[in-house]
Structures are given as structure tokens and as C-alpha cells.
$ cat my_file-v3.json   # JSON, C-alpha atoms
[["chain", "number", "residue", "atom", "x", "y", "z"],
["A", 897, "MET", "CA", -15.15, -211.25, 91.40],
["A", 898, "PRO", "CA", -16.05, -211.00, 87.68],
["A", 899, "ALA", "CA", -14.18, -208.20, 85.91],
["A", 900, "THR", "CA", -17.29, -207.08, 84.05],
["A", 901, "PRO", "CA", -20.42, -208.51, 85.70],
["A", 902, "ALA", "CA", -23.55, -208.77, 83.58],
["A", 903, "VAL", "CA", -25.88, -208.33, 86.57],
["A", 904, "SER", "CA", -25.48, -206.84, 90.02],
["A", 905, "VAL", "CA", -27.77, -208.44, 92.62],
["A", 906, "ILE", "CA", -28.63, -206.09, 95.50],
["A", 907, "ILE", "CA", -29.66, -207.59, 98.84],
["A", 908, "PRO", "CA", -30.35, -205.35, 101.85],
["A", 909, "THR", "CA", -30.35, -207.23, 105.15],
["A", 910, "ARG", "CA", -30.87, -206.48, 108.80],
["A", 911, "ASP", "CA", -31.06, -209.32, 111.31],
["A", 912, "THR", "CA", -32.26, -211.85, 108.73],
["A", 913, "LEU", "CA", -29.45, -214.40, 109.06],
["A", 914, "ARG", "CA", -31.99, -217.22, 109.34],
["A", 915, "TYR", "CA", -33.03, -216.49, 105.71],
["A", 916, "LEU", "CA", -30.02, -214.86, 104.05],
["A", 917, "PRO", "CA", -28.03, -218.03, 103.17],
["A", 918, "LYS", "CA", -30.99, -219.43, 101.24],
["A", 919, "ALA", "CA", -31.52, -216.14, 99.40],
["A", 920, "ILE", "CA", -27.88, -216.01, 98.26],
["A", 921, "ALA", "CA", -27.85, -219.71, 97.36],
["A", 922, "SER", "CA", -30.92, -219.18, 95.15],
["A", 923, "ILE", "CA", -28.90, -216.86, 92.89],
["A", 924, "GLY", "CA", -26.97, -219.88, 91.66],
["A", 925, "GLY", "CA", -23.36, -220.17, 90.63],
["A", 926, "PHE", "CA", -23.32, -217.72, 87.72],
["A", 927, "PRO", "CA", -19.76, -216.38, 87.44],
["A", 928, "ASN", "CA", -20.69, -213.10, 85.72],
["A", 929, "VAL", "CA", -22.78, -211.84, 88.64],
["A", 930, "GLU", "CA", -21.77, -209.62, 91.54],
["A", 931, "ILE", "CA", -23.77, -209.97, 94.74],
["A", 932, "ILE", "CA", -23.94, -206.76, 96.76],
["A", 933, "VAL", "CA", -25.18, -207.29, 100.31],
["A", 934, "ILE", "CA", -25.83, -204.19, 102.39],
["A", 935, "ASP", "CA", -25.68, -205.14, 106.06],
["A", 936, "ASP", "CA", -27.90, -202.44, 107.54],
["A", 937, "GLY", "CA", -26.93, -202.68, 111.21],
["A", 938, "SER", "CA", -27.44, -206.38, 111.92],
["A", 939, "THR", "CA", -26.77, -207.71, 115.42],
["A", 940, "ASP", "CA", -27.54, -211.39, 114.78],
["A", 941, "GLY", "CA", -24.15, -212.52, 113.46],
["A", 942, "THR", "CA", -24.83, -211.53, 109.85],
["A", 943, "GLY", "CA", -21.53, -209.65, 109.63],
["A", 944, "GLU", "CA", -19.47, -212.63, 110.69],
["A", 945, "TRP", "CA", -21.35, -214.97, 108.37],
["A", 946, "LEU", "CA", -20.85, -212.62, 105.42],
["A", 947, "ALA", "CA", -17.12, -212.32, 106.13],
["A", 948, "ASP", "CA", -16.78, -216.09, 106.05],
["A", 949, "ARG", "CA", -18.90, -216.37, 102.91],
["A", 950, "ARG", "CA", -16.91, -213.59, 101.22],
["A", 951, "ALA", "CA", -13.71, -215.60, 101.63],
["A", 952, "ARG", "CA", -15.30, -218.46, 99.65],
["A", 953, "ASP", "CA", -17.34, -216.53, 97.08],
["A", 954, "ARG", "CA", -15.44, -213.76, 95.30],
["A", 955, "ARG", "CA", -18.65, -212.50, 93.69],
["A", 956, "LEU", "CA", -19.79, -211.19, 97.06],
["A", 957, "VAL", "CA", -19.45, -207.49, 97.91],
["A", 958, "VAL", "CA", -20.39, -206.46, 101.45],
["A", 959, "LEU", "CA", -21.33, -202.88, 102.29],
["A", 960, "ALA", "CA", -22.11, -201.38, 105.68],
["A", 961, "GLY", "CA", -25.50, -199.70, 105.69],
["A", 962, "PRO", "CA", -26.49, -196.72, 107.85],
["A", 963, "GLY", "CA", -29.13, -198.69, 109.75],
["A", 964, "GLU", "CA", -31.86, -196.35, 108.54],
["A", 965, "ASN", "CA", -34.19, -198.09, 106.07],
["A", 966, "SER", "CA", -34.23, -200.43, 103.11],
["A", 967, "ALA", "CA", -34.54, -197.56, 100.60],
["A", 968, "ARG", "CA", -31.24, -196.06, 101.75],
["A", 969, "ALA", "CA", -29.58, -199.47, 101.81],
["A", 970, "ARG", "CA", -30.71, -200.30, 98.27],
["A", 971, "ASN", "CA", -29.55, -196.90, 97.03],
["A", 972, "LEU", "CA", -26.09, -197.64, 98.39],
["A", 973, "GLY", "CA", -26.12, -200.84, 96.38],
["A", 974, "ILE", "CA", -27.25, -199.02, 93.24],
["A", 975, "ALA", "CA", -24.38, -196.55, 93.62],
["A", 976, "ALA", "CA", -21.85, -199.37, 94.01],
["A", 977, "ALA", "CA", -23.15, -201.64, 91.23],
["A", 978, "ARG", "CA", -20.75, -202.27, 88.31],
["A", 979, "ALA", "CA", -23.12, -204.14, 85.98],
["A", 980, "PRO", "CA", -25.46, -202.56, 83.42],
["A", 981, "LEU", "CA", -28.40, -204.43, 84.96],
["A", 982, "ILE", "CA", -29.46, -204.61, 88.60],
["A", 983, "ALA", "CA", -31.66, -207.30, 90.15],
["A", 984, "PHE", "CA", -33.20, -206.84, 93.59],
["A", 985, "LEU", "CA", -33.57, -209.65, 96.12],
["A", 986, "ASP", "CA", -34.79, -209.28, 99.69],
["A", 987, "ALA", "CA", -32.88, -211.30, 102.24],
["A", 988, "ASP", "CA", -35.92, -213.35, 103.27],
["A", 989, "ASP", "CA", -37.06, -214.19, 99.72],
["A", 990, "TRP", "CA", -35.53, -216.55, 97.19],
["A", 991, "TRP", "CA", -35.40, -217.03, 93.44],
["A", 992, "GLU", "CA", -36.49, -220.11, 91.57],
["A", 993, "PRO", "CA", -33.90, -221.92, 89.40],
["A", 994, "GLY", "CA", -33.48, -220.20, 86.04],
["A", 995, "LYS", "CA", -34.91, -216.85, 87.15],
["A", 996, "LEU", "CA", -31.75, -214.90, 86.47],
["A", 997, "ASP", "CA", -31.15, -216.46, 83.05],
["A", 998, "LEU", "CA", -34.75, -216.01, 81.90],
["A", 999, "GLN", "CA", -34.95, -212.38, 82.92],
["A", 1000, "TYR", "CA", -31.51, -211.52, 81.60],
["A", 1001, "GLY", "CA", -32.53, -213.08, 78.29],
["A", 1002, "MET", "CA", -35.58, -210.83, 78.16],
["A", 1003, "HIS", "CA", -33.42, -207.72, 78.63],
["A", 1004, "HIS", "CA", -30.82, -208.94, 76.15],
["A", 1005, "ALA", "CA", -33.54, -209.43, 73.52],
["A", 1006, "ASN", "CA", -35.18, -206.08, 74.34],
["A", 1007, "PRO", "CA", -32.41, -203.68, 75.44],
["A", 1008, "GLY", "CA", -34.80, -200.74, 75.58],
["A", 1009, "ILE", "CA", -36.69, -202.20, 78.54],
["A", 1010, "GLY", "CA", -36.28, -200.01, 81.62],
["A", 1011, "PHE", "CA", -37.21, -202.77, 84.03],
["A", 1012, "SER", "CA", -38.89, -206.14, 84.09],
["A", 1013, "PHE", "CA", -40.65, -208.19, 86.75],
["A", 1014, "THR", "CA", -42.13, -211.66, 87.22],
["A", 1015, "ASP", "CA", -44.92, -213.36, 89.09],
["A", 1016, "TYR", "CA", -44.11, -214.62, 92.59],
["A", 1017, "ARG", "CA", -45.41, -217.10, 95.15],
["A", 1018, "HIS", "CA", -46.43, -216.11, 98.68],
["A", 1019, "ARG", "CA", -45.44, -218.27, 101.61],
["A", 1020, "SER", "CA", -46.09, -218.09, 105.33],
["A", 1021, "PRO", "CA", -43.33, -218.26, 107.97],
["A", 1022, "ALA", "CA", -44.46, -221.87, 108.55],
["A", 1023, "GLY", "CA", -43.66, -222.66, 104.93],
["A", 1024, "ASP", "CA", -47.22, -222.85, 103.62],
["A", 1025, "TYR", "CA", -47.73, -221.58, 100.07],
["A", 1026, "LEU", "CA", -50.47, -218.94, 99.85],
["A", 1027, "GLY", "CA", -50.92, -218.54, 96.11],
["A", 1028, "CYS", "CA", -49.34, -216.41, 93.40],
["A", 1029, "SER", "CA", -49.42, -212.64, 93.10],
["A", 1030, "PHE", "CA", -50.78, -212.29, 89.58],
["A", 1031, "THR", "CA", -53.92, -214.31, 90.40],
["A", 1032, "PHE", "CA", -54.76, -211.66, 93.01],
["A", 1033, "TRP", "CA", -55.16, -208.80, 90.49],
["A", 1034, "PRO", "CA", -58.33, -209.00, 88.33],
["A", 1035, "ARG", "CA", -57.31, -206.42, 85.69],
["A", 1036, "TYR", "CA", -53.97, -208.14, 85.15],
["A", 1037, "ARG", "CA", -55.73, -211.51, 84.82],
["A", 1038, "ALA", "CA", -58.21, -210.15, 82.31],
["A", 1039, "ARG", "CA", -55.57, -208.57, 80.12],
["A", 1040, "HIS", "CA", -52.49, -210.77, 80.52],
["A", 1041, "GLY", "CA", -53.70, -213.96, 82.17],
["A", 1042, "HIS", "CA", -53.39, -215.91, 78.92],
["A", 1043, "SER", "CA", -49.70, -215.01, 78.47],
["A", 1044, "THR", "CA", -47.22, -217.85, 78.78],
["A", 1045, "GLU", "CA", -44.16, -216.10, 77.32],
["A", 1046, "PRO", "CA", -42.41, -212.84, 78.32],
["A", 1047, "PHE", "CA", -44.17, -209.72, 77.03],
["A", 1048, "LEU", "CA", -44.19, -205.92, 77.27],
["A", 1049, "LEU", "CA", -46.95, -204.31, 79.34],
["A", 1050, "GLY", "CA", -47.70, -201.79, 76.58],
["A", 1051, "ASP", "CA", -47.96, -198.03, 76.24],
["A", 1052, "ASP", "CA", -50.12, -197.75, 79.37],
["A", 1053, "ALA", "CA", -47.68, -199.60, 81.63],
["A", 1054, "LEU", "CA", -47.69, -196.78, 84.20],
["A", 1055, "ALA", "CA", -51.50, -196.86, 84.41],
["A", 1056, "GLN", "CA", -51.48, -200.65, 84.87],
["A", 1057, "ILE", "CA", -48.96, -200.47, 87.73],
["A", 1058, "TYR", "CA", -50.82, -197.48, 89.22],
["A", 1059, "ALA", "CA", -54.15, -199.30, 89.29],
["A", 1060, "GLU", "CA", -52.76, -202.59, 90.61],
["A", 1061, "ASN", "CA", -49.48, -202.91, 92.51],
["A", 1062, "ILE", "CA", -48.44, -205.97, 90.52],
["A", 1063, "VAL", "CA", -44.65, -205.59, 90.88],
["A", 1064, "GLY", "CA", -42.78, -207.44, 93.63],
["A", 1065, "THR", "CA", -39.39, -205.96, 94.52],
["A", 1066, "SER", "CA", -37.54, -209.29, 94.57],
["A", 1067, "THR", "CA", -38.74, -209.98, 91.02],
["A", 1068, "VAL", "CA", -37.35, -206.77, 89.47],
["A", 1069, "MET", "CA", -34.42, -206.45, 87.07],
["A", 1070, "ALA", "CA", -33.68, -202.89, 85.91],
["A", 1071, "ARG", "CA", -31.20, -200.93, 83.87],
["A", 1072, "THR", "CA", -28.57, -199.38, 86.12],
["A", 1073, "ASP", "CA", -28.37, -196.15, 84.13],
["A", 1074, "ILE", "CA", -32.10, -195.48, 84.43],
["A", 1075, "LEU", "CA", -32.16, -196.34, 88.14],
["A", 1076, "ARG", "CA", -29.44, -193.79, 88.74],
["A", 1077, "ALA", "CA", -31.06, -191.20, 86.47],
["A", 1078, "MET", "CA", -34.29, -191.57, 88.50],
["A", 1079, "GLY", "CA", -32.39, -191.11, 91.76],
["A", 1080, "GLY", "CA", -33.13, -194.61, 93.02],
["A", 1081, "PHE", "CA", -35.64, -195.16, 95.81],
["A", 1082, "ASP", "CA", -37.23, -192.11, 97.44],
["A", 1083, "GLU", "CA", -35.77, -192.16, 100.95],
["A", 1084, "THR", "CA", -38.30, -189.61, 102.24],
["A", 1085, "LEU", "CA", -41.19, -192.06, 101.91],
["A", 1086, "ARG", "CA", -42.08, -194.03, 105.02],
["A", 1087, "SER", "CA", -43.41, -196.96, 103.02],
["A", 1088, "THR", "CA", -44.11, -198.17, 99.46],
["A", 1089, "GLU", "CA", -41.01, -196.51, 98.03],
["A", 1090, "ASP", "CA", -40.66, -199.48, 95.69],
["A", 1091, "TRP", "CA", -44.04, -198.83, 94.02],
["A", 1092, "ASP", "CA", -43.05, -195.17, 93.60],
["A", 1093, "LEU", "CA", -39.85, -196.17, 91.78],
["A", 1094, "TRP", "CA", -41.57, -198.64, 89.46],
["A", 1095, "LEU", "CA", -44.00, -195.88, 88.45],
["A", 1096, "ARG", "CA", -41.15, -193.47, 87.74],
["A", 1097, "LEU", "CA", -39.35, -196.10, 85.68],
["A", 1098, "ALA", "CA", -42.54, -196.96, 83.77],
["A", 1099, "ALA", "CA", -42.91, -193.28, 82.89],
["A", 1100, "CYS", "CA", -39.62, -193.24, 80.96],
["A", 1101, "ALA", "CA", -39.08, -196.69, 79.38],
["A", 1102, "PRO", "CA", -40.94, -199.87, 78.36],
["A", 1103, "VAL", "CA", -41.72, -202.45, 81.04],
["A", 1104, "GLY", "CA", -41.26, -206.20, 80.55],
["A", 1105, "CYS", "CA", -43.06, -209.01, 82.35],
["A", 1106, "HIS", "CA", -42.38, -212.73, 82.70],
["A", 1107, "PRO", "CA", -45.65, -214.46, 83.67],
["A", 1108, "ASP", "CA", -44.06, -217.37, 85.55],
["A", 1109, "PRO", "CA", -43.67, -217.31, 89.35],
["A", 1110, "LEU", "CA", -39.89, -217.11, 89.61],
["A", 1111, "VAL", "CA", -39.64, -215.81, 93.20],
["A", 1112, "THR", "CA", -40.94, -216.95, 96.58],
["A", 1113, "TYR", "CA", -41.92, -214.12, 98.93],
["A", 1114, "LEU", "CA", -42.27, -214.31, 102.73],
["A", 1115, "MET", "CA", -45.60, -212.99, 104.03],
["A", 1116, "HIS", "CA", -46.56, -211.78, 107.49],
["A", 1117, "ARG", "CA", -43.25, -210.50, 108.76],
["A", 1118, "PRO", "CA", -43.34, -209.79, 112.51],
["A", 1119, "GLY", "CA", -44.02, -206.30, 113.78],
["A", 1120, "ASN", "CA", -46.85, -203.85, 114.46],
["A", 1121, "LYS", "CA", -49.14, -204.64, 111.53],
["A", 1122, "SER", "CA", -51.59, -201.77, 112.12],
["A", 1123, "ALA", "CA", -48.79, -199.19, 112.39],
["A", 1124, "ARG", "CA", -47.18, -200.55, 109.22],
["A", 1125, "LEU", "CA", -50.48, -200.47, 107.36],
["A", 1126, "ASP", "CA", -51.19, -196.93, 108.55],
["A", 1127, "ARG", "CA", -47.82, -195.78, 107.17],
["A", 1128, "ARG", "CA", -48.43, -197.67, 103.96],
["A", 1129, "ILE", "CA", -51.83, -196.05, 103.41],
["A", 1130, "ALA", "CA", -50.36, -192.59, 103.94],
["A", 1131, "ALA", "CA", -47.53, -193.29, 101.48],
["A", 1132, "VAL", "CA", -49.86, -194.85, 98.90],
["A", 1133, "ARG", "CA", -52.14, -191.81, 99.10],
["A", 1134, "LEU", "CA", -49.16, -189.47, 98.57],
["A", 1135, "ILE", "CA", -47.77, -191.48, 95.64],
["A", 1136, "GLY", "CA", -51.25, -191.74, 94.17],
["A", 1137, "GLU", "CA", -51.44, -187.96, 94.01],
["A", 1138, "ARG", "CA", -48.02, -187.78, 92.37],
["A", 1139, "PHE", "CA", -48.94, -190.05, 89.48],
["A", 1140, "ARG", "CA", -52.70, -189.56, 89.16],
["A", 1141, "ASP", "CA", -52.65, -187.28, 86.14],
["A", 1142, "ARG", "CA", -50.11, -189.35, 84.19],
["A", 1143, "ALA", "CA", -51.99, -192.56, 84.92],
["A", 1144, "CYS", "CA", -55.34, -191.08, 83.88],
["A", 1145, "VAL", "CA", -53.90, -189.82, 80.59],
["A", 1146, "GLN", "CA", -53.01, -193.42, 79.75],
["A", 1147, "ASN", "CA", -56.20, -195.01, 81.12],
["A", 1148, "ARG", "CA", -58.99, -193.01, 82.76],
["A", 1149, "SER", "CA", -60.23, -196.02, 84.75],
["A", 1150, "ALA", "CA", -56.88, -196.38, 86.56],
["A", 1151, "GLN", "CA", -57.87, -193.77, 89.17],
["A", 1152, "ARG", "CA", -61.12, -195.56, 89.99],
["A", 1153, "VAL", "CA", -59.33, -198.88, 90.52],
["A", 1154, "PHE", "CA", -56.61, -197.19, 92.57],
["A", 1155, "ASN", "CA", -59.23, -195.54, 94.80],
["A", 1156, "ALA", "CA", -60.90, -198.90, 95.37],
["A", 1157, "ARG", "CA", -57.56, -200.42, 96.36],
["A", 1158, "LEU", "CA", -56.95, -197.58, 98.82],
["A", 1159, "LEU", "CA", -60.39, -198.09, 100.36],
["A", 1160, "VAL", "CA", -59.69, -201.80, 100.82],
["A", 1161, "ALA", "CA", -56.46, -201.01, 102.68],
["A", 1162, "SER", "CA", -58.32, -198.49, 104.86],
["A", 1163, "ALA", "CA", -60.95, -201.13, 105.56],
["A", 1164, "GLU", "CA", -58.27, -203.58, 106.68],
["A", 1165, "LEU", "CA", -56.86, -200.97, 109.05],
["A", 1166, "ALA", "CA", -60.31, -200.19, 110.46],
["A", 1167, "GLU", "CA", -60.87, -203.91, 111.05],
["A", 1168, "MET", "CA", -57.54, -204.18, 112.91],
["A", 1169, "GLU", "CA", -58.69, -201.30, 115.10],
["A", 1170, "GLY", "CA", -62.01, -203.03, 115.86],
["A", 1171, "LYS", "CA", -64.08, -200.62, 113.75],
["A", 1172, "ARG", "CA", -66.11, -203.23, 111.95],
["A", 1173, "PHE", "CA", -68.93, -201.02, 110.70],
["A", 1174, "ARG", "CA", -66.47, -198.50, 109.30],
["A", 1175, "SER", "CA", -64.56, -201.35, 107.69],
["A", 1176, "THR", "CA", -67.76, -202.63, 106.07],
["A", 1177, "ALA", "CA", -68.66, -199.17, 104.76],
["A", 1178, "LEU", "CA", -65.19, -198.79, 103.24],
["A", 1179, "ARG", "CA", -65.45, -202.20, 101.58],
["A", 1180, "LEU", "CA", -68.82, -201.21, 100.12],
["A", 1181, "GLY", "CA", -67.18, -198.08, 98.69],
["A", 1182, "ALA", "CA", -64.42, -200.20, 97.16],
["A", 1183, "PHE", "CA", -66.94, -202.59, 95.61],
["A", 1184, "MET", "CA", -68.96, -199.73, 94.12],
["A", 1185, "ARG", "CA", -65.86, -198.20, 92.53],
["A", 1186, "HIS", "CA", -64.42, -201.46, 91.21],
["A", 1187, "PRO", "CA", -66.79, -204.42, 91.56],
["A", 1188, "THR", "CA", -65.00, -207.74, 91.53],
["A", 1189, "GLY", "CA", -65.85, -211.14, 92.90],
["A", 1190, "ARG", "CA", -63.31, -210.77, 95.69],
["A", 1191, "SER", "CA", -64.43, -207.28, 96.76],
["A", 1192, "GLY", "CA", -68.03, -208.49, 96.79],
["A", 1193, "ARG", "CA", -67.18, -211.48, 98.97],
["A", 1194, "GLU", "CA", -65.15, -209.31, 101.35],
["A", 1195, "PHE", "CA", -68.04, -206.85, 101.69],
["A", 1196, "VAL", "CA", -70.55, -209.62, 102.44],
["A", 1197, "ALA", "CA", -68.16, -211.17, 104.98],
["A", 1198, "GLY", "CA", -67.72, -207.75, 106.60],
["A", 1199, "VAL", "CA", -71.47, -207.28, 106.92],
["A", 1200, "ALA", "CA", -71.83, -210.72, 108.50],
["A", 1201, "ALA", "CA", -69.02, -210.04, 111.00],
["A", 1202, "ALA", "CA", -70.40, -206.61, 111.93],
["A", 1203, "VAL", "CA", -73.90, -208.03, 112.49],
["A", 1204, "SER", "CA", -72.48, -210.86, 114.59],
["A", 1205, "VAL", "CA", -70.59, -208.40, 116.81],
["A", 1206, "SER", "CA", -73.69, -206.26, 117.16],
["A", 1207, "HIS", "CA", -75.76, -209.27, 118.27],
["A", 1208, "ARG", "CA", -73.13, -210.34, 120.81],
["A", 1209, "ARG", "CA", -73.03, -206.86, 122.30],
["A", 1210, "GLN", "CA", -76.81, -206.77, 122.64],
["A", 1211, "SER", "CA", -76.86, -210.13, 124.39],
["A", 1212, "CYS", "CA", -73.72, -209.45, 126.47],
["A", 1213, "PRO", "CA", -73.66, -205.71, 127.32],
["A", 1214, "GLY", "CA", -70.40, -206.07, 129.25],
["A", 1215, "ILE", "CA", -68.36, -206.99, 126.14]]

$ encode --input "my_file-v3.json" --output "C-alpha cells"
Amino acid sequence: MPATPAVSVIIPTRDTLRYLPKAIASIGGFPNVEIIVIDDGSTDGTGEWLADRRARDRRLVVLAGPGENSARARNLGIAAARAPLIAFLDADDWWEPGKLDLQYGMHHANPGIGFSFTDYRHRSPAGDYLGCSFTFWPRYRARHGHSTEPFLLGDDALAQIYAENIVGTSTVMARTDILRAMGGFDETLRSTEDWDLWLRLAACAPVGCHPDPLVTYLMHRPGNKSARLDRRIAAVRLIGERFRDRACVQNRSAQRVFNARLLVASAELAEMEGKRFRSTALRLGAFMRHPTGRSGREFVAGVAAAVSVSHRRQSCPGI
């Protein structure tokens, strides 16, 4: 283990042994890194695999998590970290070669940065690539889409992150002292505690961004999608209230864009529940608040689907 690590990498894991080796391998062989894995109650052999790996990689620190949630597990890692910078990596994601060096270089050149993040690629469990995150967010594209080198978000960083949730957890590198001063992740939130932390960090220090996709992120994890989305909407609404005033001071349009994003999520939930007309109405509300090409296409598709269902019901009353 390095005597004075430059970066502590925090990886919470629970029954993700099929992905964890690739995540750790993607960190590379940097000697001045400590890798803190919090095994949060795994029953799939993760503990045994980590014990064997620990014997061969002295950078590895293994902590036993309480089996509660990822926020609590990450906070344990933050408390144990010995480096001045912390990088987060989920056990089923991986970093691209050079990610650690590039981001560390950004912090070394700009020591006042509270945290930085990068673009990331989405992939399906089958291994199909589903595009990059930054292309999904129209305000980011309009303002920063031309950037090819690392940059600072600017004085309205909080408003930018409030309007569009552009930060992926596995892309973040943050100062350890500020993470601890902020109290880490809010363990009372049922979802979206990462977005809450990035907003708190953006409120107290500059935010850096590297425009390249330096992380690959697994989409569509198994589980009850509608229940997860319902919890997420409730948490997003709560966090939105917490930061509304500060975001609007920086940029008054941030609230309008945030509201549109919340309506889109509510529309997705309504569609999962078979409420197509409600979903269409919510998408119309989102488009009216923040008209974009994507929101317009989604509204038109929703209208077409709702009309199709209505016609089928009229022709087949038993459906």
C-alpha cells in the first residue's frame, strides 16, 4: 500500500462479482493509489475474491459495509480515505485508460476545484453501446459542446447541474476535505443522493469538467423499475426544493428546465403504469416548459401510442 496515496478510489459493491474484477482492473497499475472496496453484504463470493486479490495487490483496502445502501457504504469509504482526492467508481462500471491521470492532472493544475467529472458512455447488459451522456443534455451541448479540453463550468455551476443532471458518479473526482466538510452523501435520501452531493459541492467550490467519455456505465440494472423511478421522482422533487432558490439566483431559467425534467420522469412512470394519456399530458407540459427536439418527438410519439391504444380498445372492448 502506498504510504501517501495521491488518490483514494472508492468502490461500493454488493453481489456484483461478475463485474467487480473489470472495474478494479480499469483503475490501472498506478502505485500511488489506494483502492477502497466496501463489501456491503455480498453473498456471491465477493468476500473470498477480495481476500485473494488483497494478497496480490497491496493497494487494496477492504471494508465491511452495513448492508444498508450505497450512500452509507460510500461514506464509510470517505471516512477511511487517506488521499487528498477521492474518485468514485461503481462496481459494475469501468474507467477508460488514462482517466485517472487526466483527471488528476486537472486537479493538480487547478487545486481550488471542489470536484470534477467527465462524460461517460452508456452500455446495455448485452454489451451494446447506447451513446454518451453529454449528448443527451441540450443546454450542456449548447454551452459546452464545442469544448475539447478540460474546463471549469463557471460561476453558475450549481444552476447548470440543477437544470440538467450531467454528473455521473463513476466519473467524479473530489477533494477529500470538502467531501468530509459537506458530510458526504445524505443517507436519509431514498434515491439520487449523488445529485444532492454534487449540488452541495458546487455551492462551495469551482467545478471542473473533462469533455471526453472516460467511463463506461451499465444501464438497465435488474429490479423493479417503476418502484425505483417512483423513489427517484420523490427524491428529485425534495432535492429540487432544497436548491431551487440558489439555482435561480445563478440562472432564473434553471427552475423551468428542472421542472420539465421532473415532468418527463413522471411521464415515464405513468407510461410504466399503463397511463398513456396522463403520460402524454405530462410530456406536453415538459415540452411547453423547455421545448427541445427530443421532448417534441417524445410528445408526438406519446400521442400516437395513446391514440393507437384507444383505437384498439374501441375495436376490442375486452382488452

$ closest_residue --input "my_file-v3.json" --among "A:Val1111, A:Ala947, A:Ala975, A:Ala1182" --to "A:Arg1152" --atoms "all atoms listed in the file"
A:Ala1182

$ closest_residue --input "my_file-v3.json" --among "A:Ala1055, A:Phe1013, A:Ala1022, A:Thr1072" --to "A:Asp1141" --atoms "all atoms listed in the file"
A:Ala1055

$ closest_residue --input "my_file-v3.json" --among "A:Arg1133, A:Val1103, A:Ala983, A:Asp1073" --to "A:Gly1050" --atoms "all atoms listed in the file"
A:Val1103

$ atom_distance --input "my_file-v3.json" --atom1 "atom CA of A:Ile982" --atom2 "atom CA of A:Val1068"
8.2 Å

$ atom_distance --input "my_file-v3.json" --atom1 "atom CA of A:His1018" --atom2 "atom CA of A:Leu1075"
26.6 Å

$ closest_atom_pairs --input "my_file-v3.json" --of "stretch 1125-1147 of chain A" --to "stretch 1153-1158 of chain A" --cutoff "9 Å" --atoms "all atoms listed in the file" --output "Markdown table"
| residue | atom | partner | partner_atom | distance |
| --- | --- | --- | --- | --- |
| A:Ile1129 | CA | A:Leu1158 | CA | 7.0 |
| A:Val1132 | CA | A:Leu1158 | CA | 7.6 |
| A:Arg1133 | CA | A:Leu1158 | CA | 7.5 |
| A:Gly1136 | CA | A:Phe1154 | CA | 7.8 |

$ closest_residue --input "my_file-v3.json" --among "A:Ala1150, A:Ile934, A:Ile1074, A:Leu1110" --to "A:Asn965" --atoms "only C-alpha atoms"
A:Ile934

$ atom_distance --input "my_file-v3.json" --atom1 "atom CA of A:Ser1043" --atom2 "atom CA of A:Pro1107"
6.6 Å

$ closest_residue --input "my_file-v3.json" --among "A:Val903, A:Ile923, A:Val1145, A:Ala1005" --to "A:Arg978" --atoms "all atoms listed in the file"
A:Val903

$ closest_residue --input "my_file-v3.json" --among "A:Leu1085, A:Met1078, A:Ile931, A:Ile1062" --to "A:Leu1134" --atoms "only C-alpha atoms"
A:Leu1085

$ residues_around --input "my_file-v3.json" --residues "A:Ser1149" --least-positions-apart "5" --cutoff "10 Å" --atoms "all atoms listed in the file" --output "list in words"
Ala1055, Gln1056, Ala1059, Ala1143, Cys1144, Phe1154, Arg1185 and His1186 of chain A

$ write_last_selection --input "my_file-v3.json" --atoms "C-alpha atoms" --output "compact mmCIF listing (two decimals), keeping the file's coordinate frame"
# COMPACT_ATOMS: atom_id res chain seq x y z
CA ALA A 1055 -51.50 -196.86 84.41
CA GLN A 1056 -51.48 -200.65 84.87
CA ALA A 1059 -54.15 -199.30 89.29
CA ALA A 1143 -51.99 -192.56 84.92
CA CYS A 1144 -55.34 -191.08 83.88
CA PHE A 1154 -56.61 -197.19 92.57
CA ARG A 1185 -65.86 -198.20 92.53
CA HIS A 1186 -64.42 -201.46 91.21

$ decode --input "my_file-v3.json" --residues "stretch 1076-1080 of chain A" --atoms "all heavy atoms" --output "PDB file, in the first residue's frame"
ATOM      1  N   ARG A1076     -15.767  15.640   3.236  1.00  0.00           N
ATOM      2  CA  ARG A1076     -15.996  15.448   4.663  1.00  0.00           C
ATOM      3  C   ARG A1076     -16.685  16.658   5.279  1.00  0.00           C
ATOM      4  O   ARG A1076     -17.574  16.508   6.140  1.00  0.00           O
ATOM      5  CB  ARG A1076     -14.675  15.156   5.361  1.00  0.00           C
ATOM      6  CG  ARG A1076     -14.123  13.777   5.018  1.00  0.00           C
ATOM      7  CD  ARG A1076     -12.735  13.551   5.576  1.00  0.00           C
ATOM      8  NE  ARG A1076     -12.271  12.185   5.302  1.00  0.00           N
ATOM      9  CZ  ARG A1076     -11.011  11.798   5.395  1.00  0.00           C
ATOM     10  NH1 ARG A1076     -10.067  12.664   5.756  1.00  0.00           N
ATOM     11  NH2 ARG A1076     -10.676  10.546   5.126  1.00  0.00           N
ATOM     12  N   ALA A1077     -16.311  17.860   4.855  1.00  0.00           N
ATOM     13  CA  ALA A1077     -16.956  19.059   5.381  1.00  0.00           C
ATOM     14  C   ALA A1077     -18.444  19.085   5.028  1.00  0.00           C
ATOM     15  O   ALA A1077     -19.269  19.585   5.809  1.00  0.00           O
ATOM     16  CB  ALA A1077     -16.264  20.312   4.843  1.00  0.00           C
ATOM     17  N   MET A1078     -18.799  18.548   3.869  1.00  0.00           N
ATOM     18  CA  MET A1078     -20.200  18.501   3.435  1.00  0.00           C
ATOM     19  C   MET A1078     -20.970  17.347   4.070  1.00  0.00           C
ATOM     20  O   MET A1078     -22.179  17.237   3.887  1.00  0.00           O
ATOM     21  CB  MET A1078     -20.280  18.379   1.914  1.00  0.00           C
ATOM     22  CG  MET A1078     -19.784  19.587   1.145  1.00  0.00           C
ATOM     23  SD  MET A1078     -20.820  21.054   1.360  1.00  0.00           S
ATOM     24  CE  MET A1078     -19.817  21.982   2.532  1.00  0.00           C
ATOM     25  N   GLY A1079     -20.274  16.471   4.787  1.00  0.00           N
ATOM     26  CA  GLY A1079     -20.946  15.336   5.410  1.00  0.00           C
ATOM     27  C   GLY A1079     -21.159  14.153   4.497  1.00  0.00           C
ATOM     28  O   GLY A1079     -21.909  13.234   4.832  1.00  0.00           O
ATOM     29  N   GLY A1080     -20.519  14.169   3.321  1.00  0.00           N
ATOM     30  CA  GLY A1080     -20.664  13.043   2.405  1.00  0.00           C
ATOM     31  C   GLY A1080     -22.058  12.958   1.826  1.00  0.00           C
ATOM     32  O   GLY A1080     -22.789  13.951   1.714  1.00  0.00           O
TER      33      GLY A1080
END
